[in-house]
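File shown here: work.pdb, holding PDB, C-alpha atoms, pLDDT in the B column.
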```
MODEL        1
ATOM      1  CA  MET A   1      71.469 102.779 103.523  1.00 97.00           C
ATOM      2  CA  ASP A   2      73.568 103.981 100.650  1.00 98.00           C
ATOM      3  CA  TYR A   3      74.926 107.387  99.685  1.00 98.00           C
ATOM      4  CA  LYS A   4      77.153 109.038  97.127  1.00 98.00           C
ATOM      5  CA  LYS A   5      78.742 112.448  96.768  1.00 98.00           C
ATOM      6  CA  TYR A   6      77.655 114.454  93.718  1.00 98.00           C
ATOM      7  CA  GLY A   7      79.603 117.692  93.383  1.00 97.00           C
ATOM      8  CA  ASP A   8      79.481 119.251  96.819  1.00 95.00           C
ATOM      9  CA  ALA A   9      76.327 117.415  98.011  1.00 98.00           C
ATOM     10  CA  TYR A  10      75.554 113.913  99.229  1.00 98.00           C
ATOM     11  CA  LEU A  11      72.536 112.026  97.926  1.00 98.00           C
ATOM     12  CA  VAL A  12      71.335 109.492 100.499  1.00 98.00           C
ATOM     13  CA  ARG A  13      69.010 106.529 100.009  1.00 98.00           C
ATOM     14  CA  LEU A  14      67.614 105.078 103.202  1.00 98.00           C
ATOM     15  CA  ASP A  15      66.001 101.659 103.024  1.00 98.00           C
ATOM     16  CA  ILE A  16      63.322  99.770 104.937  1.00 98.00           C
ATOM     17  CA  GLY A  17      64.063  99.814 108.665  1.00 98.00           C
ATOM     18  CA  ASP A  18      66.713 102.553 108.551  1.00 98.00           C
ATOM     19  CA  GLU A  19      66.209 105.230 111.191  1.00 98.00           C
ATOM     20  CA  ILE A  20      66.568 108.687 109.662  1.00 98.00           C
ATOM     21  CA  MET A  21      68.281 110.589 112.493  1.00 98.00           C
ATOM     22  CA  GLU A  22      70.758 107.774 113.235  1.00 98.00           C
ATOM     23  CA  SER A  23      71.600 107.245 109.561  1.00 98.00           C
ATOM     24  CA  LEU A  24      72.163 110.929 108.784  1.00 98.00           C
ATOM     25  CA  THR A  25      74.225 111.402 111.936  1.00 98.00           C
ATOM     26  CA  GLU A  26      76.401 108.441 110.935  1.00 98.00           C
ATOM     27  CA  ILE A  27      77.020 109.906 107.468  1.00 98.00           C
ATOM     28  CA  CYS A  28      77.839 113.363 108.847  1.00 98.00           C
ATOM     29  CA  ARG A  29      80.320 111.869 111.311  1.00 98.00           C
ATOM     30  CA  LYS A  30      81.940 109.624 108.707  1.00 98.00           C
ATOM     31  CA  GLU A  31      82.220 112.409 106.106  1.00 98.00           C
ATOM     32  CA  LYS A  32      83.196 115.045 108.707  1.00 97.00           C
ATOM     33  CA  ILE A  33      80.263 117.312 107.807  1.00 98.00           C
ATOM     34  CA  LEU A  34      80.239 120.031 110.478  1.00 97.00           C
ATOM     35  CA  VAL A  35      77.785 122.522 108.957  1.00 97.00           C
ATOM     36  CA  GLY A  36      75.139 121.984 106.299  1.00 98.00           C
ATOM     37  CA  SER A  37      71.528 121.639 105.279  1.00 98.00           C
ATOM     38  CA  ILE A  38      69.289 118.598 104.884  1.00 98.00           C
ATOM     39  CA  THR A  39      66.253 118.133 102.619  1.00 98.00           C
ATOM     40  CA  GLY A  40      64.336 115.042 101.619  1.00 98.00           C
ATOM     41  CA  ILE A  41      61.230 112.942 101.072  1.00 98.00           C
ATOM     42  CA  GLY A  42      60.199 109.342 101.751  1.00 98.00           C
ATOM     43  CA  THR A  43      57.934 107.033 103.742  1.00 98.00           C
ATOM     44  CA  THR A  44      57.648 105.942 107.360  1.00 98.00           C
ATOM     45  CA  ASN A  45      55.355 103.819 109.483  1.00 98.00           C
ATOM     46  CA  HIS A  46      56.855 104.621 112.881  1.00 98.00           C
ATOM     47  CA  ALA A  47      57.820 108.170 113.777  1.00 98.00           C
ATOM     48  CA  LYS A  48      57.976 110.502 116.738  1.00 98.00           C
ATOM     49  CA  ILE A  49      57.701 114.247 116.252  1.00 98.00           C
ATOM     50  CA  GLY A  50      57.224 117.089 118.656  1.00 98.00           C
ATOM     51  CA  LEU A  51      56.358 120.697 119.217  1.00 97.00           C
ATOM     52  CA  LEU A  52      57.814 123.143 121.737  1.00 95.00           C
ATOM     53  CA  ASP A  53      55.370 125.394 123.545  1.00 95.00           C
ATOM     54  CA  THR A  54      57.530 128.507 123.567  1.00 92.00           C
ATOM     55  CA  GLY A  55      55.545 130.065 126.408  1.00 92.00           C
ATOM     56  CA  THR A  56      55.942 127.225 128.895  1.00 94.00           C
ATOM     57  CA  LYS A  57      59.105 125.656 127.368  1.00 93.00           C
ATOM     58  CA  VAL A  58      57.333 122.282 127.461  1.00 94.00           C
ATOM     59  CA  TYR A  59      58.015 119.867 124.587  1.00 95.00           C
ATOM     60  CA  TYR A  60      55.011 117.863 123.346  1.00 98.00           C
ATOM     61  CA  PRO A  61      55.988 114.693 121.442  1.00 98.00           C
ATOM     62  CA  ILE A  62      53.563 112.481 119.537  1.00 98.00           C
ATOM     63  CA  GLU A  63      54.370 109.014 118.224  1.00 98.00           C
ATOM     64  CA  TYR A  64      52.774 107.682 115.024  1.00 98.00           C
ATOM     65  CA  ASN A  65      52.501 103.998 114.120  1.00 98.00           C
ATOM     66  CA  GLU A  66      50.807 104.109 110.726  1.00 98.00           C
ATOM     67  CA  ASP A  67      51.733 104.471 107.066  1.00 98.00           C
ATOM     68  CA  LEU A  68      52.836 108.059 106.445  1.00 98.00           C
ATOM     69  CA  GLU A  69      54.270 109.828 103.436  1.00 98.00           C
ATOM     70  CA  ILE A  70      57.221 112.064 104.286  1.00 98.00           C
ATOM     71  CA  THR A  71      56.333 115.132 102.235  1.00 98.00           C
ATOM     72  CA  GLY A  72      59.295 117.097 103.476  1.00 98.00           C
ATOM     73  CA  ILE A  73      62.379 116.915 105.637  1.00 98.00           C
ATOM     74  CA  ASN A  74      64.232 120.163 106.308  1.00 98.00           C
ATOM     75  CA  GLY A  75      67.025 120.770 108.724  1.00 98.00           C
ATOM     76  CA  THR A  76      70.521 121.762 109.633  1.00 98.00           C
ATOM     77  CA  VAL A  77      73.762 120.052 110.535  1.00 98.00           C
ATOM     78  CA  SER A  78      75.892 121.606 113.257  1.00 97.00           C
ATOM     79  CA  GLU A  79      77.782 120.519 116.340  1.00 96.00           C
ATOM     80  CA  MET A  80      77.186 120.698 120.065  1.00 95.00           C
ATOM     81  CA  ASN A  81      80.022 119.846 122.450  1.00 93.00           C
ATOM     82  CA  ASP A  82      82.072 118.533 119.490  1.00 93.00           C
ATOM     83  CA  GLU A  83      79.354 116.031 118.530  1.00 96.00           C
ATOM     84  CA  THR A  84      77.215 115.998 115.382  1.00 97.00           C
ATOM     85  CA  TYR A  85      73.910 117.757 116.053  1.00 97.00           C
ATOM     86  CA  LEU A  86      71.005 117.476 113.619  1.00 98.00           C
ATOM     87  CA  HIS A  87      68.029 119.816 113.915  1.00 97.00           C
ATOM     88  CA  ILE A  88      65.387 118.433 111.568  1.00 98.00           C
ATOM     89  CA  HIS A  89      61.702 119.181 111.030  1.00 98.00           C
ATOM     90  CA  ILE A  90      59.390 116.869 109.108  1.00 98.00           C
ATOM     91  CA  SER A  91      55.959 116.963 107.456  1.00 98.00           C
ATOM     92  CA  LEU A  92      53.978 113.714 107.336  1.00 98.00           C
ATOM     93  CA  ALA A  93      50.895 113.058 105.206  1.00 98.00           C
ATOM     94  CA  LYS A  94      48.282 110.606 106.460  1.00 98.00           C
ATOM     95  CA  LYS A  95      46.021 108.370 104.341  1.00 97.00           C
ATOM     96  CA  ASP A  96      43.264 111.006 104.462  1.00 98.00           C
ATOM     97  CA  HIS A  97      45.809 113.532 103.091  1.00 97.00           C
ATOM     98  CA  SER A  98      45.899 115.547 106.285  1.00 98.00           C
ATOM     99  CA  VAL A  99      49.402 116.626 107.238  1.00 98.00           C
ATOM    100  CA  VAL A 100      51.135 116.737 110.611  1.00 98.00           C
ATOM    101  CA  GLY A 101      54.582 118.016 111.306  1.00 98.00           C
ATOM    102  CA  GLY A 102      57.117 119.132 113.812  1.00 98.00           C
ATOM    103  CA  HIS A 103      60.567 118.507 115.200  1.00 98.00           C
ATOM    104  CA  LEU A 104      61.819 115.033 114.231  1.00 98.00           C
ATOM    105  CA  ASP A 105      62.791 112.791 117.150  1.00 98.00           C
ATOM    106  CA  PHE A 106      62.927 109.614 115.056  1.00 98.00           C
ATOM    107  CA  ALA A 107      61.397 107.996 111.994  1.00 98.00           C
ATOM    108  CA  TYR A 108      61.922 104.521 110.599  1.00 98.00           C
ATOM    109  CA  VAL A 109      61.785 104.186 106.823  1.00 98.00           C
ATOM    110  CA  SER A 110      58.969 101.923 105.586  1.00 98.00           C
ATOM    111  CA  ALA A 111      59.837 101.837 101.859  1.00 98.00           C
ATOM    112  CA  VAL A 112      62.500 104.413 100.991  1.00 97.00           C
ATOM    113  CA  ALA A 113      63.748 107.896 101.831  1.00 98.00           C
ATOM    114  CA  GLU A 114      65.743 110.117  99.484  1.00 98.00           C
ATOM    115  CA  ILE A 115      67.682 112.833 101.236  1.00 98.00           C
ATOM    116  CA  PHE A 116      70.259 115.451 100.255  1.00 98.00           C
ATOM    117  CA  ILE A 117      72.939 116.644 102.659  1.00 98.00           C
ATOM    118  CA  ARG A 118      74.561 119.868 101.481  1.00 98.00           C
ATOM    119  CA  PRO A 119      77.690 120.657 103.499  1.00 98.00           C
ATOM    120  CA  VAL A 120      79.207 124.119 103.674  1.00 96.00           C
ATOM    121  CA  ASP A 121      82.650 125.125 104.887  1.00 94.00           C
ATOM    122  CA  GLY A 122      82.850 126.210 108.474  1.00 92.00           C
ATOM    123  CA  LYS A 123      82.257 125.178 112.034  1.00 91.00           C
ATOM    124  CA  THR A 124      79.572 126.156 114.504  1.00 92.00           C
ATOM    125  CA  ASP A 125      78.378 125.075 117.907  1.00 91.00           C
ATOM    126  CA  ARG A 126      75.175 125.109 119.926  1.00 95.00           C
ATOM    127  CA  GLU A 127      74.438 126.256 123.425  1.00 92.00           C
ATOM    128  CA  PHE A 128      71.278 125.847 125.468  1.00 92.00           C
ATOM    129  CA  SER A 129      69.312 129.074 125.919  1.00 89.00           C
ATOM    130  CA  GLU A 130      67.166 129.343 129.038  1.00 88.00           C
ATOM    131  CA  THR A 131      65.270 132.200 127.374  1.00 88.00           C
ATOM    132  CA  ALA A 132      64.370 130.298 124.202  1.00 88.00           C
ATOM    133  CA  GLY A 133      64.287 126.827 125.782  1.00 88.00           C
ATOM    134  CA  VAL A 134      66.308 125.298 122.944  1.00 91.00           C
ATOM    135  CA  ASN A 135      69.897 124.710 121.826  1.00 92.00           C
ATOM    136  CA  LEU A 136      70.762 127.835 119.793  1.00 85.00           C
ATOM    137  CA  LEU A 137      73.342 128.031 117.028  1.00 89.00           C
ATOM    138  CA  GLN A 138      76.496 129.830 118.059  1.00 91.00           C
ATOM    139  CA  LEU A 139      77.810 131.294 114.828  1.00 86.00           C
ATOM    140  CA  LYS A 140      81.581 131.453 114.706  1.00 68.00           C
TER     141      LYS A 140
ENDMDL
END
```
Show this structure as structure tokens.
Amino acid sequence: MDYKKYGDAYLVRLDIGDEIMESLTEICRKEKILVGSITGIGTTNHAKIGLLDTGTKVYYPIEYNEDLEITGINGTVSEMNDETYLHIHISLAKKDHSVVGGHLDFAYVSAVAEIFIRPVDGKTDREFSETAGVNLLQLK
């Protein structure tokens, strides 16, 4: 993993074997990024993504162990209980060019990932909502 600040954004290069969620969390902690957005592309061969059934509040994860192109990473940086909290969604293209996507649990980089973190000034928190079944942003 390597990263550099350009203006007010960080450009991140993740290398073979780097785990995306762990790596981005580490950078946000180190650079004291409390609120921001995340976008990126790359490759993975081992990922777990999920989908929340909003009616039943049941989370359905699926693990993939195949070569996949990361066609898009989009998410937010916030905090929950004074800890870095990343909420990231991902789109993954398969060899047949079909695409799957959902909430990112983890993904290990198989060649490279190029990701921007764009911090903004401020602080926010999250709180679990029984109604929604997820940790909702608490805008301060």
(request) Skip range 14-22 of chain A itself and residues of its chain fewer than 5 positions away, then list as a ChimeraX atom specification all residues within 9 Å of it, counting all atoms listed in the file. (result) /A:1-3,27,42,44,86,88,104-115
File of the preceding selection, C-alpha atoms, as a PDB file, in the coordinates of the input:
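Saved result, out09.pdb, follows:
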```pdb
ATOM      1  CA  MET A   1      71.469 102.779 103.523  1.00 97.00           C
ATOM      2  CA  ASP A   2      73.568 103.981 100.650  1.00 98.00           C
ATOM      3  CA  TYR A   3      74.926 107.387  99.685  1.00 98.00           C
ATOM      4  CA  ILE A  27      77.020 109.906 107.468  1.00 98.00           C
ATOM      5  CA  GLY A  42      60.199 109.342 101.751  1.00 98.00           C
ATOM      6  CA  THR A  44      57.648 105.942 107.360  1.00 98.00           C
ATOM      7  CA  LEU A  86      71.005 117.476 113.619  1.00 98.00           C
ATOM      8  CA  ILE A  88      65.387 118.433 111.568  1.00 98.00           C
ATOM      9  CA  LEU A 104      61.819 115.033 114.231  1.00 98.00           C
ATOM     10  CA  ASP A 105      62.791 112.791 117.150  1.00 98.00           C
ATOM     11  CA  PHE A 106      62.927 109.614 115.056  1.00 98.00           C
ATOM     12  CA  ALA A 107      61.397 107.996 111.994  1.00 98.00           C
ATOM     13  CA  TYR A 108      61.922 104.521 110.599  1.00 98.00           C
ATOM     14  CA  VAL A 109      61.785 104.186 106.823  1.00 98.00           C
ATOM     15  CA  SER A 110      58.969 101.923 105.586  1.00 98.00           C
ATOM     16  CA  ALA A 111      59.837 101.837 101.859  1.00 98.00           C
ATOM     17  CA  VAL A 112      62.500 104.413 100.991  1.00 97.00           C
ATOM     18  CA  ALA A 113      63.748 107.896 101.831  1.00 98.00           C
ATOM     19  CA  GLU A 114      65.743 110.117  99.484  1.00 98.00           C
ATOM     20  CA  ILE A 115      67.682 112.833 101.236  1.00 98.00           C
TER      21      ILE A 115
END
```
(message) Counting all atoms listed in the file, which residue out of A:Asp53, A:Glu63, A:Glu83, A:Glu69 sits closest to Ser98 in chain A?
(response)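 Smallest separation from Ser98 in chain A among the options: A:Glu69.
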(request) May I ask which of the residues A:Asn45, A:Thr84, A:Ser37, A:Thr56 is the closest one to Pro119 in chain A, counting all atoms listed in the file? (result) A:Ser37
(message) Quick check, in Å to one decimal: how far apart do CA of Asp67 in chain A and CA of Ala93 in chain A lie?
(response)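 Spanning CA of Asp67 in chain A to CA of Ala93 in chain A is a straight-line distance of 8.8 Å.
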(message) Translate the PyMOL selection byres ((chain A and resi 30-35) around 9) into a concrete residue list for this structure, as a PyMOL selection string.
(response) chain A and resi 25-29+36-37+76-79+84-85+117-124
